[in-house]
Amino acid sequence: MSSISDHNPIHAMKVPIIDLSHLSRQDFYEKSLVIKEIHEACQNSGVFHVINHGIPKSVIDEALEVNQKFFDLPGIMKEEILELGSRDPFSPVKLARFQHSALGSDLLQRDVLRLQAYPFEDFVDIWPKHPADYREKMGRYTAEIKKLAIQVFVAIMESLNLDATYLKENFDKGMQLVATNSYPSKSISDIKIGTPPHTDFGIITILVQTAPGLQVMDNLDGTWKDAPKLEGSLQVFVGDLLEVLSNGMYKSVMHQVIVPSTNKTRMSIASFHSFEFDEIVEPAKKLVDEEGVKSAHCSMGSSTDYNMLMPIIDLSLLQKDHQTRSLVISQIRESCRTAGIFAVINHGIPETIAEEALTVNKNFFNLPLKIKEEFFSPDMYKPVKYGTNQGGAHGILWEYLKLYSHPFETFVDLWPKSPPDYRNVTDCDNIECVWIVNYLR
Ligand SMILES: O=C(O)CCC(=O)C(=O)O
Ligand SMILES: [Fe+2]
């Protein structure tokens, strides 16, 4: 059986480096160049380094040190935290050992201490008490990172051609969840050390890592690349909600950690930033085209536990080698088990076909009632059925058209004749298929 250790050699990714000191300069031209670099970085790689970010090295080093000390504590000292958070996924402080299946049959393990960090006063009293300076040093680190996240968020909004103040207030008071990942130097039996492939759920993540192991999916060639640390930099990741907000212009970046077997332990601190928990995120209006067409994104709040977000499955990976295919299949299994819903990308259906189908159906619903009524029937098993419906707490009214569509030849002659190009829309080749087109007035 194949395993992580025998997959292809990994090359390093050219992760863009953004010099943040240019952002605070008065020079408009210099600033606009950085904004352009941020735009390209978010669009192409979904991850970038920030340097000259203004956070003192001592603050970062102390945060890493104090977390290392925490993980080195005897189990008994960590027990109070385990007690507090182990059973409740929404607990603001949670310590857990994650074991996830990754490539092939491999299991990947890491320990994670997750803390809600904003507003600081609301949570600090339940942060670890040991080591004695944990709260002070992590408090300083998380406050600096929050300031940096706001600065980066504003620049990202500008890079999308949105106003610098767009959703800034929401982001200012939004959530900050900090996860310290601890990767021990040796694994037990067959279990490898690492984090399985995933995208981060929020708007942005700011990461500091101590040792090699982080890999990023290169969207250009669909391969994993090493994303090593750069001395003094912090790494910024595009999260799922930024993908939604940007109407798909920026893509959340798929990444994983596979710790090479050396004798060194590895640690990272990931700070996830988003809006308030129950806020629904939708594509920015300015980025939705004139016809109001949103790309295939669901709006979603960040209220869900971050392990429970809408998973995104890249169907093109099913055509790749055996290892990759079984990874995708295990992602699908996991999505069905946990979220019960998932989004598919790279599904092979050209965008034009989906758009034409939407347009031709819109044209159908805009026909005079007299024509649509022809398909009205109380028989719910009729292969072509038009009707109206009303429901939900707000009594929303919608029209629908239900079509049996496979086998195409059997049913196409029953489909609407107008608009004249209605029947040209693609058939489904080899699946049992019923289309139900709902139309909200
Ligand atoms: O450990 C790392 O470098 C990355 C961890 C990560 O991706 C996460 O916590 O979401
Ligand atoms: Fe991550």
# chains A, B, ... in the order shown; residues from 1 in each chain; ligands from 1

$ residues_around --residues "stretch 172-176 of chain A" --least-positions-apart "4" --cutoff "7 Å" --atoms "only C-alpha atoms" --output "ChimeraX atom specification"
/A:116-118,150,168,271-277

$ write_last_selection --atoms "N, CA, C and O atoms" --output "short mmCIF file (atom, residue, chain, number, x, y, z; two decimals), in the first residue's frame"
data_model
loop_
_atom_site.label_atom_id
_atom_site.label_comp_id
_atom_site.auth_asym_id
_atom_site.auth_seq_id
_atom_site.Cartn_x
_atom_site.Cartn_y
_atom_site.Cartn_z
N GLN A 116 -10.00 30.84 21.86
CA GLN A 116 -10.62 32.08 21.36
C GLN A 116 -9.79 33.21 21.94
O GLN A 116 -9.43 33.17 23.12
N ALA A 117 -9.51 34.22 21.10
CA ALA A 117 -8.57 35.24 21.56
C ALA A 117 -9.11 36.66 21.49
O ALA A 117 -8.44 37.60 21.91
N TYR A 118 -10.31 36.84 20.95
CA TYR A 118 -10.83 38.20 20.86
C TYR A 118 -12.32 38.22 21.17
O TYR A 118 -13.04 37.40 20.63
N ILE A 150 -5.93 43.17 10.79
CA ILE A 150 -6.81 44.27 10.35
C ILE A 150 -6.13 45.04 9.21
O ILE A 150 -6.74 45.34 8.18
N LYS A 168 -14.80 46.81 7.34
CA LYS A 168 -13.68 46.90 8.29
C LYS A 168 -14.18 46.78 9.74
O LYS A 168 -13.59 46.06 10.55
N SER A 271 -3.39 31.80 13.44
CA SER A 271 -4.42 32.70 13.98
C SER A 271 -5.47 32.91 12.89
O SER A 271 -5.18 33.46 11.83
N PHE A 272 -6.68 32.40 13.15
CA PHE A 272 -7.76 32.46 12.15
C PHE A 272 -8.61 33.70 12.41
O PHE A 272 -9.08 33.90 13.54
N HIS A 273 -8.83 34.49 11.37
CA HIS A 273 -9.59 35.74 11.53
C HIS A 273 -10.82 35.73 10.65
O HIS A 273 -10.76 35.33 9.49
N SER A 274 -11.90 36.23 11.25
CA SER A 274 -13.13 36.28 10.48
C SER A 274 -14.05 37.34 11.07
O SER A 274 -13.64 38.10 11.94
N PHE A 275 -15.33 37.35 10.60
CA PHE A 275 -16.29 38.27 11.20
C PHE A 275 -16.87 37.60 12.44
O PHE A 275 -16.42 36.54 12.85
N GLU A 276 -17.91 38.24 13.02
CA GLU A 276 -18.50 37.65 14.22
C GLU A 276 -19.14 36.31 13.86
O GLU A 276 -19.49 36.05 12.71
N PHE A 277 -19.31 35.48 14.90
CA PHE A 277 -19.69 34.09 14.67
C PHE A 277 -20.91 33.88 13.79
O PHE A 277 -20.93 33.00 12.96
#

$ residues_near_ligand --ligand "ligand 2" --cutoff "7 Å" --atoms "only C-alpha atoms and all ligand atoms" --output "list in words"
His198, Thr199, Asp200 and His255 of chain A

$ residues_near_ligand --ligand "ligand 1" --cutoff "6 Å" --atoms "only C-alpha atoms and all ligand atoms" --output "ChimeraX atom specification"
/A:179,181,200,209,214,257,268,270

$ write_last_selection --atoms "C-alpha atoms" --output "PDB file, in the first residue's frame"
ATOM      1  CA  ALA A 179      -4.538  27.214  17.204  1.00  0.00           C
ATOM      2  CA  ASN A 181      -0.144  22.939  16.562  1.00  0.00           C
ATOM      3  CA  ASP A 200      -8.841  27.354   6.369  1.00  0.00           C
ATOM      4  CA  GLN A 209       6.012  27.934  11.878  1.00  0.00           C
ATOM      5  CA  LEU A 214       4.125  22.826   5.478  1.00  0.00           C
ATOM      6  CA  VAL A 257       1.703  19.410   6.929  1.00  0.00           C
ATOM      7  CA  SER A 268       3.113  26.400  14.472  1.00  0.00           C
ATOM      8  CA  ALA A 270      -2.223  29.693  13.283  1.00  0.00           C
TER       9      ALA A 270
END

$ residues_around --residues "A:Ile35" --least-positions-apart "6" --cutoff "9 Å" --atoms "only C-alpha atoms" --output "NGL selection string"
:A and (23 or 155-156 or 158-159)

$ select_by_dssp --residues "stretch 76-255 of chain A" --states "strand (DSSP E or B)" --output "PyMOL selection string"
chain A and resi 93-101+107-116+176-183+192-198+204-209+214-218+223-226+234-238+255

$ write_last_selection --atoms "C-alpha atoms" --output "PDB file, in the first residue's frame"
ATOM      1  CA  VAL A  93     -10.460  26.626  24.918  1.00  0.00           C
ATOM      2  CA  LYS A  94      -9.797  23.160  23.628  1.00  0.00           C
ATOM      3  CA  LEU A  95      -6.860  20.801  23.713  1.00  0.00           C
ATOM      4  CA  ALA A  96      -7.075  17.813  21.451  1.00  0.00           C
ATOM      5  CA  ARG A  97      -5.051  15.161  19.701  1.00  0.00           C
ATOM      6  CA  PHE A  98      -6.165  14.981  16.102  1.00  0.00           C
ATOM      7  CA  GLN A  99      -5.701  11.852  14.047  1.00  0.00           C
ATOM      8  CA  HIS A 100      -6.935  12.166  10.502  1.00  0.00           C
ATOM      9  CA  SER A 101      -6.543   9.874   7.578  1.00  0.00           C
ATOM     10  CA  LEU A 107      -2.933   8.434   9.642  1.00  0.00           C
ATOM     11  CA  LEU A 108      -1.657  11.895  10.492  1.00  0.00           C
ATOM     12  CA  GLN A 109      -1.442  13.073  14.057  1.00  0.00           C
ATOM     13  CA  ARG A 110      -0.863  16.382  15.821  1.00  0.00           C
ATOM     14  CA  ASP A 111      -1.792  18.002  19.121  1.00  0.00           C
ATOM     15  CA  VAL A 112      -3.713  21.251  19.002  1.00  0.00           C
ATOM     16  CA  LEU A 113      -4.468  23.838  21.638  1.00  0.00           C
ATOM     17  CA  ARG A 114      -7.234  26.101  20.384  1.00  0.00           C
ATOM     18  CA  LEU A 115      -8.088  29.376  22.075  1.00  0.00           C
ATOM     19  CA  GLN A 116     -10.621  32.076  21.365  1.00  0.00           C
ATOM     20  CA  GLN A 176      -9.821  35.524  16.308  1.00  0.00           C
ATOM     21  CA  LEU A 177      -9.256  31.859  16.995  1.00  0.00           C
ATOM     22  CA  VAL A 178      -5.705  30.790  17.693  1.00  0.00           C
ATOM     23  CA  ALA A 179      -4.538  27.214  17.204  1.00  0.00           C
ATOM     24  CA  THR A 180      -1.133  26.112  18.386  1.00  0.00           C
ATOM     25  CA  ASN A 181      -0.144  22.939  16.562  1.00  0.00           C
ATOM     26  CA  SER A 182       2.445  20.743  18.219  1.00  0.00           C
ATOM     27  CA  TYR A 183       4.098  18.052  16.146  1.00  0.00           C
ATOM     28  CA  LYS A 192       2.809   9.865  10.886  1.00  0.00           C
ATOM     29  CA  ILE A 193       3.052  13.391  12.151  1.00  0.00           C
ATOM     30  CA  GLY A 194       1.198  16.120  10.311  1.00  0.00           C
ATOM     31  CA  THR A 195      -2.030  17.847   9.318  1.00  0.00           C
ATOM     32  CA  PRO A 196      -4.217  16.496   6.493  1.00  0.00           C
ATOM     33  CA  PRO A 197      -5.058  18.567   3.399  1.00  0.00           C
ATOM     34  CA  HIS A 198      -7.545  21.319   4.116  1.00  0.00           C
ATOM     35  CA  ILE A 204      -7.448  35.064   6.542  1.00  0.00           C
ATOM     36  CA  THR A 205      -5.062  32.988   8.635  1.00  0.00           C
ATOM     37  CA  ILE A 206      -1.739  34.305   9.897  1.00  0.00           C
ATOM     38  CA  LEU A 207       0.789  31.576  10.537  1.00  0.00           C
ATOM     39  CA  VAL A 208       4.173  31.262  12.158  1.00  0.00           C
ATOM     40  CA  GLN A 209       6.012  27.934  11.878  1.00  0.00           C
ATOM     41  CA  LEU A 214       4.125  22.826   5.478  1.00  0.00           C
ATOM     42  CA  GLN A 215       3.032  22.098   1.901  1.00  0.00           C
ATOM     43  CA  VAL A 216       0.722  24.070  -0.335  1.00  0.00           C
ATOM     44  CA  MET A 217      -1.235  22.915  -3.361  1.00  0.00           C
ATOM     45  CA  ASP A 218       0.066  24.758  -6.407  1.00  0.00           C
ATOM     46  CA  THR A 223       0.964  19.422  -7.195  1.00  0.00           C
ATOM     47  CA  TRP A 224       2.032  19.816  -3.580  1.00  0.00           C
ATOM     48  CA  LYS A 225       4.935  22.182  -2.995  1.00  0.00           C
ATOM     49  CA  ASP A 226       6.928  22.894   0.130  1.00  0.00           C
ATOM     50  CA  LEU A 234       4.620  35.555   8.874  1.00  0.00           C
ATOM     51  CA  GLN A 235       2.530  33.687   6.325  1.00  0.00           C
ATOM     52  CA  VAL A 236      -0.950  34.871   5.322  1.00  0.00           C
ATOM     53  CA  PHE A 237      -3.443  32.347   3.904  1.00  0.00           C
ATOM     54  CA  VAL A 238      -6.620  33.118   1.957  1.00  0.00           C
ATOM     55  CA  HIS A 255      -2.432  23.032   2.437  1.00  0.00           C
TER      56      HIS A 255
END

$ closest_residue --among "A:Lys370, A:Lys362, A:His406, A:Lys78" --to "A:Tyr422" --atoms "only C-alpha atoms"
A:Lys362

$ residues_around --residues "A:Pro16" --least-positions-apart "2" --cutoff "9 Å" --atoms "only C-alpha atoms" --output "PyMOL selection string"
chain A and resi 14+18+37-38+40-41+45+47-50

$ closest_residue --among "A:Ser418, A:Thr210, A:Arg25, A:Met254" --to "A:Asn363" --atoms "only C-alpha atoms"
A:Ser418

$ atom_distance --atom1 "atom CA of A:Lys31" --atom2 "atom CA of A:His53"
14.6 Å

$ closest_residue --among "A:Phe201, A:Phe375, A:Phe365, A:Tyr381" --to "A:Pro311" --atoms "only C-alpha atoms"
A:Phe201

$ select_by_dssp --residues "stretch 147-324 of chain A" --states "helix (DSSP H, G or I)" --output "number ranges by chain"
A: 147-159, 168-172, 240-245, 285-287, 315-319, 322-324

$ write_last_selection --atoms "C-alpha atoms" --output "PDB file, in the first residue's frame"
ATOM      1  CA  LYS A 147      -3.685  44.526  14.597  1.00  0.00           C
ATOM      2  CA  LEU A 148      -1.719  43.040  11.717  1.00  0.00           C
ATOM      3  CA  ALA A 149      -4.741  41.065  10.500  1.00  0.00           C
ATOM      4  CA  ILE A 150      -6.805  44.271  10.348  1.00  0.00           C
ATOM      5  CA  GLN A 151      -4.084  46.017   8.343  1.00  0.00           C
ATOM      6  CA  VAL A 152      -3.852  43.085   5.916  1.00  0.00           C
ATOM      7  CA  PHE A 153      -7.663  42.849   5.649  1.00  0.00           C
ATOM      8  CA  VAL A 154      -7.950  46.512   4.651  1.00  0.00           C
ATOM      9  CA  ALA A 155      -5.219  46.055   2.031  1.00  0.00           C
ATOM     10  CA  ILE A 156      -6.990  42.962   0.682  1.00  0.00           C
ATOM     11  CA  MET A 157     -10.279  44.869   0.382  1.00  0.00           C
ATOM     12  CA  GLU A 158      -8.437  47.578  -1.562  1.00  0.00           C
ATOM     13  CA  SER A 159      -6.827  44.910  -3.723  1.00  0.00           C
ATOM     14  CA  LYS A 168     -13.681  46.900   8.291  1.00  0.00           C
ATOM     15  CA  GLU A 169     -15.822  47.455  11.380  1.00  0.00           C
ATOM     16  CA  ASN A 170     -17.162  43.912  11.125  1.00  0.00           C
ATOM     17  CA  PHE A 171     -13.649  42.541  10.801  1.00  0.00           C
ATOM     18  CA  ASP A 172     -12.371  44.708  13.717  1.00  0.00           C
ATOM     19  CA  ASP A 240     -12.842  30.050   2.482  1.00  0.00           C
ATOM     20  CA  LEU A 241     -14.837  33.091   3.544  1.00  0.00           C
ATOM     21  CA  LEU A 242     -12.527  35.411   1.609  1.00  0.00           C
ATOM     22  CA  GLU A 243     -13.145  33.209  -1.416  1.00  0.00           C
ATOM     23  CA  VAL A 244     -16.874  33.780  -0.888  1.00  0.00           C
ATOM     24  CA  LEU A 245     -16.509  37.521  -0.215  1.00  0.00           C
ATOM     25  CA  LYS A 285     -22.100  43.387  -4.307  1.00  0.00           C
ATOM     26  CA  LYS A 286     -19.559  45.302  -6.354  1.00  0.00           C
ATOM     27  CA  LEU A 287     -17.941  42.028  -7.429  1.00  0.00           C
ATOM     28  CA  LEU A 315     -13.136  16.330  -8.694  1.00  0.00           C
ATOM     29  CA  SER A 316     -10.262  16.614 -11.177  1.00  0.00           C
ATOM     30  CA  LEU A 317      -8.060  14.880  -8.617  1.00  0.00           C
ATOM     31  CA  LEU A 318     -10.156  11.731  -9.076  1.00  0.00           C
ATOM     32  CA  GLN A 319      -8.450  11.249 -12.450  1.00  0.00           C
ATOM     33  CA  HIS A 322      -4.296   5.923  -6.994  1.00  0.00           C
ATOM     34  CA  GLN A 323      -3.046   7.740  -3.870  1.00  0.00           C
ATOM     35  CA  THR A 324      -4.627  11.043  -4.780  1.00  0.00           C
TER      36      THR A 324
END

$ atom_distance --atom1 "atom CA of A:Gly232" --atom2 "atom CA of A:Gly213"
17.5 Å

$ residues_around --residues "A:Val66" --least-positions-apart "5" --cutoff "9 Å" --atoms "only C-alpha atoms" --output "JSON, numbers by chain"
{"A": [61, 71, 131, 133, 134, 137, 138]}

$ atom_distance --atom1 "atom CA of A:Leu160" --atom2 "atom CA of A:Ile341"
28.9 Å
